[in-house]
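Here the structure is laid out as structure tokens; the discussion comes afterwards.
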Amino acid sequence: LFDLKAAGFSDPVLVAANDGVGTKLKVAIDANRHDTVGIDLVAMCVNDLVVQGAEPLFFLDYFATGKLDPDQGAAIVAGIAEGCRQAGCALIGGETAEMPGMYAHGDYDLAGFAVGAAERGQLLPTDDIVEGDVILGLASSGVHSNGFSLVRRIVAAAGLGWEHLAPFDKGKTLGEALLTPTRIYVRPVLSAIRTTHGIKALAHITGGGFPDNIPRVLPQAYAAELDLDAIDVPPVFSWLAKTGNVAPAEMMRTFNCGIGMVLVVAAGQAAQVAAVLTKAGETVTTLGRIVPRRDVGVIYNGEIGL
């Protein structure tokens, strides 16, 4: 049971999301590092809630494996609990399914389910997006939880193992570096929404990158014009692009390339929103502006620094 009035809502609308971690789990399994994928699981769900202007309230997980390994399971659940702490939501339960014959030895799968709430009339995106609105980007922590089928192919083609030192992150193994958990943007973004009232739309940059995720939060008549030169691309993406011979357009359709969350903000409040987010610990980049749509939903200026 969850009391919405006790949580401070007067006329709430419930918002729900569910997701998984994808083939990043194979990296965790093969590297035998299970303490961060639970954070990824929570992040993929709660970041999808906050883009609708909703505060995550509670989370449930589904953990399926062939034979339960107590240490492995404890590490995974500890990560889920940490993700919920970061997001400010309650971990109220879940299901652990032990299914012999369904999974190879040591393999498992995860799914997460999050429910949040927003006051009626305060959901995002708003209906007042106009030409000239500013587009801000929040830095990602790395690859997050998308594109790992391609990541795994590139690593295999390079002849590297997860125990080898990461070429792009000195002092860490490849497995450790690539398993850096997805950044959870909930608290800083909710703070900016509530204190500035200047955020009109949010896009969580997951699979599909900029071209798939940004247009879906914009009115049909508008497009996002992005300055690619403004993006500080983390070394992991440069390494993936060069090692895998991946074209820039494909990189931006597969990966977040350093920007994990995109905001559309009223032009007159962009500085205020950026200041609130920066104070909360986010790295904020001015990416571009909203323009009339002619053909595609995202227009690129400059080149991404891969």
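To be explicit about the labels: the chains of the structure tokens are called A, B, and onward in the order shown, and within each one the residues are counted from 1, while ligands get numbers from 1 in the order they are shown.
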Requested in this report: Go through region 122-263 of chain A and collect every residue that DSSP, computed from the backbone, puts in alpha helix (DSSP H); the answer should be as a PyMOL selection string.
Outcome: chain A and resi 148-157+174-178+186-196+209-213+235-244+248-254
Create the file for the chosen residues now, containing C-alpha atoms and written as a PDB file, in the first residue's frame.
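out_13.pdb was written with the following content:
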```
ATOM      1  CA  PHE A 148      26.094  -3.391 -25.372  1.00  0.00           C
ATOM      2  CA  SER A 149      25.601  -5.934 -28.136  1.00  0.00           C
ATOM      3  CA  LEU A 150      27.794  -3.689 -30.294  1.00  0.00           C
ATOM      4  CA  VAL A 151      30.172  -3.027 -27.370  1.00  0.00           C
ATOM      5  CA  ARG A 152      30.663  -6.754 -26.852  1.00  0.00           C
ATOM      6  CA  ARG A 153      31.342  -7.334 -30.556  1.00  0.00           C
ATOM      7  CA  ILE A 154      33.957  -4.547 -30.605  1.00  0.00           C
ATOM      8  CA  VAL A 155      35.685  -5.896 -27.491  1.00  0.00           C
ATOM      9  CA  ALA A 156      35.728  -9.421 -28.933  1.00  0.00           C
ATOM     10  CA  ALA A 157      37.088  -8.205 -32.292  1.00  0.00           C
ATOM     11  CA  LEU A 174      37.663  -3.116 -19.171  1.00  0.00           C
ATOM     12  CA  GLY A 175      34.823  -4.846 -17.336  1.00  0.00           C
ATOM     13  CA  GLU A 176      34.913  -2.389 -14.445  1.00  0.00           C
ATOM     14  CA  ALA A 177      34.953   0.648 -16.751  1.00  0.00           C
ATOM     15  CA  LEU A 178      32.147  -0.542 -19.023  1.00  0.00           C
ATOM     16  CA  VAL A 186      15.864  12.104 -10.719  1.00  0.00           C
ATOM     17  CA  ARG A 187      16.736  14.352  -7.767  1.00  0.00           C
ATOM     18  CA  PRO A 188      18.483  17.160  -9.717  1.00  0.00           C
ATOM     19  CA  VAL A 189      15.846  17.216 -12.453  1.00  0.00           C
ATOM     20  CA  LEU A 190      12.917  17.245 -10.017  1.00  0.00           C
ATOM     21  CA  SER A 191      14.600  20.079  -8.141  1.00  0.00           C
ATOM     22  CA  ALA A 192      14.968  22.076 -11.359  1.00  0.00           C
ATOM     23  CA  ILE A 193      11.369  21.390 -12.380  1.00  0.00           C
ATOM     24  CA  ARG A 194       9.984  22.509  -9.032  1.00  0.00           C
ATOM     25  CA  THR A 195      12.177  25.534  -8.393  1.00  0.00           C
ATOM     26  CA  THR A 196      12.310  27.081 -11.870  1.00  0.00           C
ATOM     27  CA  GLY A 209      20.269   8.131 -29.293  1.00  0.00           C
ATOM     28  CA  PHE A 210      19.506  11.729 -30.248  1.00  0.00           C
ATOM     29  CA  PRO A 211      17.564  11.067 -33.492  1.00  0.00           C
ATOM     30  CA  ASP A 212      15.023   8.707 -31.935  1.00  0.00           C
ATOM     31  CA  ASN A 213      14.587  10.049 -28.401  1.00  0.00           C
ATOM     32  CA  PRO A 235      36.970   8.678 -24.128  1.00  0.00           C
ATOM     33  CA  VAL A 236      34.987   5.408 -24.069  1.00  0.00           C
ATOM     34  CA  PHE A 237      32.953   6.511 -27.088  1.00  0.00           C
ATOM     35  CA  SER A 238      36.019   7.600 -29.048  1.00  0.00           C
ATOM     36  CA  TRP A 239      37.595   4.215 -28.345  1.00  0.00           C
ATOM     37  CA  LEU A 240      34.470   2.334 -29.441  1.00  0.00           C
ATOM     38  CA  ALA A 241      34.154   4.387 -32.631  1.00  0.00           C
ATOM     39  CA  LYS A 242      37.787   3.966 -33.650  1.00  0.00           C
ATOM     40  CA  THR A 243      38.238   0.351 -32.559  1.00  0.00           C
ATOM     41  CA  GLY A 244      34.959  -0.758 -34.092  1.00  0.00           C
ATOM     42  CA  PRO A 248      29.551   9.045 -36.255  1.00  0.00           C
ATOM     43  CA  ALA A 249      25.900   8.834 -37.363  1.00  0.00           C
ATOM     44  CA  GLU A 250      25.703   5.230 -36.151  1.00  0.00           C
ATOM     45  CA  MET A 251      27.409   6.138 -32.865  1.00  0.00           C
ATOM     46  CA  MET A 252      24.791   8.828 -32.230  1.00  0.00           C
ATOM     47  CA  ARG A 253      21.959   6.417 -33.044  1.00  0.00           C
ATOM     48  CA  THR A 254      23.334   3.652 -30.812  1.00  0.00           C
TER      49      THR A 254
END
```
Report task. Would you kindly return, as JSON, numbers by chain, each protein, DNA or RNA residue with an atom no farther than 12 Å from any atom of Ile39 (chain A), considering only C-alpha atoms and excluding same-chain residues fewer than 4 positions away? Result -> {"A": [20, 21, 34, 35, 43, 44, 45, 46, 47, 59, 61, 75, 76, 77, 78, 79, 80, 81, 82, 83, 84, 85, 86, 87, 110, 111, 112, 144, 145, 179, 180, 181, 182, 183, 184]}
Query raised in the report: With distances taken over only C-alpha atoms, which of A:His105, A:Arg289, A:His204, A:Lys279 is nearest to Val50 (chain A)?
Result: A:His204
**Report entry** One-decimal distance in Å that lies between CA of Tyr300 (chain A) and CA of Asp227 (chain A)
**Finding:**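 Taking CA of Asp227 (chain A) and CA of Tyr300 (chain A), their separation equals 6.3 Å.
For the residues A:Ala203, A:Cys257, A:Leu57, A:Val264, ranking by smallest atom-to-atom distance to Ala230 (chain A) using only C-alpha atoms places A:Cys257 first.
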Would you list the contacts of Ile290 (chain A) as an mmCIF file with N, CA and C atoms, in the first residue's frame, taking every protein, DNA or RNA residue within 10 Å and counting only C-alpha atoms, but skipping same-chain residues closer than 4 positions in sequence?
```cif
data_model
loop_
_atom_site.group_PDB
_atom_site.id
_atom_site.type_symbol
_atom_site.label_atom_id
_atom_site.label_comp_id
_atom_site.auth_asym_id
_atom_site.auth_seq_id
_atom_site.Cartn_x
_atom_site.Cartn_y
_atom_site.Cartn_z
ATOM 1 N N ILE A 129 5.924 24.535 -26.131
ATOM 2 C CA ILE A 129 7.250 24.555 -26.753
ATOM 3 C C ILE A 129 7.195 25.430 -28.003
ATOM 4 N N VAL A 130 8.168 26.341 -28.132
ATOM 5 C CA VAL A 130 8.164 27.293 -29.251
ATOM 6 C C VAL A 130 9.569 27.407 -29.837
ATOM 7 N N GLU A 131 9.641 27.980 -31.023
ATOM 8 C CA GLU A 131 10.924 28.260 -31.649
ATOM 9 C C GLU A 131 11.769 29.142 -30.725
ATOM 10 N N GLY A 132 13.034 28.807 -30.603
ATOM 11 C CA GLY A 132 13.924 29.589 -29.752
ATOM 12 C C GLY A 132 14.128 29.024 -28.361
ATOM 13 N N ASP A 133 13.295 28.060 -27.947
ATOM 14 C CA ASP A 133 13.552 27.395 -26.664
ATOM 15 C C ASP A 133 14.946 26.766 -26.695
ATOM 16 N N VAL A 134 15.602 26.769 -25.547
ATOM 17 C CA VAL A 134 16.988 26.304 -25.457
ATOM 18 C C VAL A 134 17.021 24.814 -25.114
ATOM 19 N N ILE A 135 17.983 24.106 -25.711
ATOM 20 C CA ILE A 135 18.177 22.684 -25.436
ATOM 21 C C ILE A 135 19.436 22.515 -24.596
ATOM 22 N N LEU A 218 8.856 16.346 -28.788
ATOM 23 C CA LEU A 218 8.616 17.644 -29.406
ATOM 24 C C LEU A 218 7.320 17.627 -30.206
ATOM 25 N N TYR A 222 8.095 21.088 -34.785
ATOM 26 C CA TYR A 222 9.406 21.583 -34.360
ATOM 27 C C TYR A 222 10.476 20.495 -34.396
ATOM 28 N N ALA A 223 11.717 20.960 -34.532
ATOM 29 C CA ALA A 223 12.875 20.077 -34.527
ATOM 30 C C ALA A 223 13.918 20.613 -33.550
ATOM 31 N N ALA A 224 14.871 19.762 -33.199
ATOM 32 C CA ALA A 224 15.982 20.160 -32.331
ATOM 33 C C ALA A 224 17.206 20.418 -33.195
ATOM 34 N N GLU A 225 17.765 21.608 -33.081
ATOM 35 C CA GLU A 225 19.009 21.942 -33.771
ATOM 36 C C GLU A 225 20.145 21.861 -32.754
ATOM 37 N N LEU A 226 21.079 20.920 -32.950
ATOM 38 C CA LEU A 226 22.123 20.634 -31.971
ATOM 39 C C LEU A 226 23.498 21.039 -32.485
ATOM 40 N N VAL A 264 14.442 20.613 -22.739
ATOM 41 C CA VAL A 264 13.986 21.769 -23.511
ATOM 42 C C VAL A 264 13.488 22.797 -22.505
ATOM 43 N N VAL A 265 14.071 23.992 -22.573
ATOM 44 C CA VAL A 265 13.876 24.996 -21.536
ATOM 45 C C VAL A 265 13.499 26.328 -22.168
ATOM 46 N N ALA A 267 13.763 29.980 -23.113
ATOM 47 C CA ALA A 267 15.025 30.686 -23.348
ATOM 48 C C ALA A 267 15.386 31.612 -22.190
ATOM 49 N N VAL A 298 15.877 16.033 -35.846
ATOM 50 C CA VAL A 298 17.111 16.519 -35.222
ATOM 51 C C VAL A 298 18.043 17.003 -36.325
ATOM 52 N N ILE A 299 18.511 18.231 -36.197
ATOM 53 C CA ILE A 299 19.433 18.839 -37.167
ATOM 54 C C ILE A 299 20.779 19.015 -36.482
#
```
Quick one: everything within 7 Å of Thr283 (chain A), counting only C-alpha atoms, minus sequence neighbours fewer than 3 positions away in the same chain. Send it as a compact mmCIF listing (two decimals) with N, CA and C atoms, in the first residue's frame.
```txt
# COMPACT_ATOMS: atom_id res chain seq x y z
N LEU A 138 22.59 16.97 -20.11
CA LEU A 138 23.24 16.56 -18.88
C LEU A 138 24.20 15.41 -19.19
N ALA A 139 25.42 15.51 -18.67
CA ALA A 139 26.45 14.52 -18.97
C ALA A 139 26.05 13.13 -18.49
N THR A 278 23.53 22.48 -12.05
CA THR A 278 24.97 22.48 -11.74
C THR A 278 25.20 22.40 -10.24
```
Query raised in the report: Can you list, as number ranges by chain, every protein, DNA or RNA residue that comes within 6 Å of region 89-103 of chain A when you count only C-alpha atoms, leaving out same-chain residues fewer than 3 positions away?
Result: A: 56-67, 84, 107
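CA of Gly88 (chain A) is found 22.7 Å from CA of Lys200 (chain A).
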Can you check which residues of region 29-64 of chain A DSSP gives as strand (DSSP E or B) on the backbone and send them as an mmCIF file with C-alpha atoms, in the first residue's frame?
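Written out: result_33.cif:
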```cif
data_model
loop_
_atom_site.group_PDB
_atom_site.id
_atom_site.type_symbol
_atom_site.label_atom_id
_atom_site.label_comp_id
_atom_site.auth_asym_id
_atom_site.auth_seq_id
_atom_site.Cartn_x
_atom_site.Cartn_y
_atom_site.Cartn_z
ATOM 1 C CA GLU A 55 8.527 11.651 -8.882
ATOM 2 C CA PRO A 56 9.363 7.933 -8.479
ATOM 3 C CA LEU A 57 7.513 6.478 -5.500
ATOM 4 C CA PHE A 58 8.273 2.770 -5.445
ATOM 5 C CA PHE A 59 10.116 0.074 -7.348
ATOM 6 C CA LEU A 60 9.806 -3.691 -7.799
ATOM 7 C CA ASP A 61 12.290 -6.055 -9.420
ATOM 8 C CA TYR A 62 12.170 -9.414 -11.182
ATOM 9 C CA PHE A 63 15.330 -11.536 -10.981
ATOM 10 C CA ALA A 64 15.365 -14.802 -12.936
#
```
Query raised in the report: Which residue gives the smallest distance to Asp3 (chain A) among A:Leu306, A:Ala117, A:Ala275, A:Val262, with only C-alpha atoms counted?
Result: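 Closest residue, counting only C-alpha atoms: A:Ala117.
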Query - Nearby residues (only C-alpha atoms) at most 8 Å from Gly305 (chain A), same-chain spacing under 4 positions excluded, as a list in words - result: Leu228, Asp229, Ile231, Asp232, Val233 and Ser238 of chain A
Output the selection as a PDB file, in the first residue's frame - all heavy atoms for each residue.
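The file below, selection-v1.pdb, is the result:
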```
ATOM      1  N   LEU A 228      26.979  19.928 -32.262  1.00  0.00           N
ATOM      2  CA  LEU A 228      27.745  18.755 -31.851  1.00  0.00           C
ATOM      3  C   LEU A 228      29.114  19.118 -31.293  1.00  0.00           C
ATOM      4  O   LEU A 228      29.671  18.386 -30.478  1.00  0.00           O
ATOM      5  CB  LEU A 228      27.896  17.790 -33.036  1.00  0.00           C
ATOM      6  CG  LEU A 228      26.597  17.197 -33.591  1.00  0.00           C
ATOM      7  CD1 LEU A 228      26.905  16.247 -34.734  1.00  0.00           C
ATOM      8  CD2 LEU A 228      25.792  16.485 -32.507  1.00  0.00           C
ATOM      9  N   ASP A 229      29.660  20.247 -31.717  1.00  0.00           N
ATOM     10  CA  ASP A 229      30.966  20.675 -31.212  1.00  0.00           C
ATOM     11  C   ASP A 229      30.933  20.974 -29.713  1.00  0.00           C
ATOM     12  O   ASP A 229      31.972  20.978 -29.047  1.00  0.00           O
ATOM     13  CB  ASP A 229      31.443  21.927 -31.963  1.00  0.00           C
ATOM     14  CG  ASP A 229      31.765  21.637 -33.422  1.00  0.00           C
ATOM     15  OD1 ASP A 229      32.356  20.576 -33.692  1.00  0.00           O
ATOM     16  OD2 ASP A 229      31.398  22.449 -34.288  1.00  0.00           O
ATOM     17  N   ILE A 231      29.590  19.173 -27.390  1.00  0.00           N
ATOM     18  CA  ILE A 231      29.554  17.965 -26.559  1.00  0.00           C
ATOM     19  C   ILE A 231      30.966  17.514 -26.203  1.00  0.00           C
ATOM     20  O   ILE A 231      31.814  17.329 -27.081  1.00  0.00           O
ATOM     21  CB  ILE A 231      28.808  16.827 -27.286  1.00  0.00           C
ATOM     22  CG1 ILE A 231      27.368  17.255 -27.595  1.00  0.00           C
ATOM     23  CG2 ILE A 231      28.816  15.551 -26.438  1.00  0.00           C
ATOM     24  CD1 ILE A 231      26.612  16.257 -28.456  1.00  0.00           C
ATOM     25  N   ASP A 232      31.209  17.344 -24.919  1.00  0.00           N
ATOM     26  CA  ASP A 232      32.475  16.805 -24.424  1.00  0.00           C
ATOM     27  C   ASP A 232      32.340  15.280 -24.394  1.00  0.00           C
ATOM     28  O   ASP A 232      31.815  14.713 -23.439  1.00  0.00           O
ATOM     29  CB  ASP A 232      32.778  17.366 -23.038  1.00  0.00           C
ATOM     30  CG  ASP A 232      34.140  16.927 -22.507  1.00  0.00           C
ATOM     31  OD1 ASP A 232      34.934  16.385 -23.298  1.00  0.00           O
ATOM     32  OD2 ASP A 232      34.392  17.117 -21.303  1.00  0.00           O
ATOM     33  N   VAL A 233      32.787  14.637 -25.445  1.00  0.00           N
ATOM     34  CA  VAL A 233      32.575  13.200 -25.606  1.00  0.00           C
ATOM     35  C   VAL A 233      33.552  12.419 -24.726  1.00  0.00           C
ATOM     36  O   VAL A 233      34.771  12.593 -24.850  1.00  0.00           O
ATOM     37  CB  VAL A 233      32.755  12.778 -27.071  1.00  0.00           C
ATOM     38  CG1 VAL A 233      32.528  11.277 -27.235  1.00  0.00           C
ATOM     39  CG2 VAL A 233      31.791  13.547 -27.967  1.00  0.00           C
ATOM     40  N   SER A 238      34.983   7.469 -28.026  1.00  0.00           N
ATOM     41  CA  SER A 238      36.019   7.600 -29.048  1.00  0.00           C
ATOM     42  C   SER A 238      36.694   6.255 -29.291  1.00  0.00           C
ATOM     43  O   SER A 238      36.953   5.868 -30.442  1.00  0.00           O
ATOM     44  CB  SER A 238      37.060   8.642 -28.620  1.00  0.00           C
ATOM     45  OG  SER A 238      36.458   9.894 -28.410  1.00  0.00           O
TER      46      SER A 238
END
```
**Report entry** Two-atom distance - CA of Gly53 (chain A), CA of Pro12 (chain A) (Å)
**Finding:** 11.7 Å
Query raised in the report: Which residue, A:Ile259, A:Leu1, A:Val217, A:Ile29, has the smallest gap to Val143 (chain A) when you use only C-alpha atoms?
Result: A:Ile259
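For the set A:Gly142, A:Val42, A:Gln52, A:Asp127, the residue with the smallest atom-to-atom gap to Phe168 (chain A) is A:Gly142, counting only C-alpha atoms.
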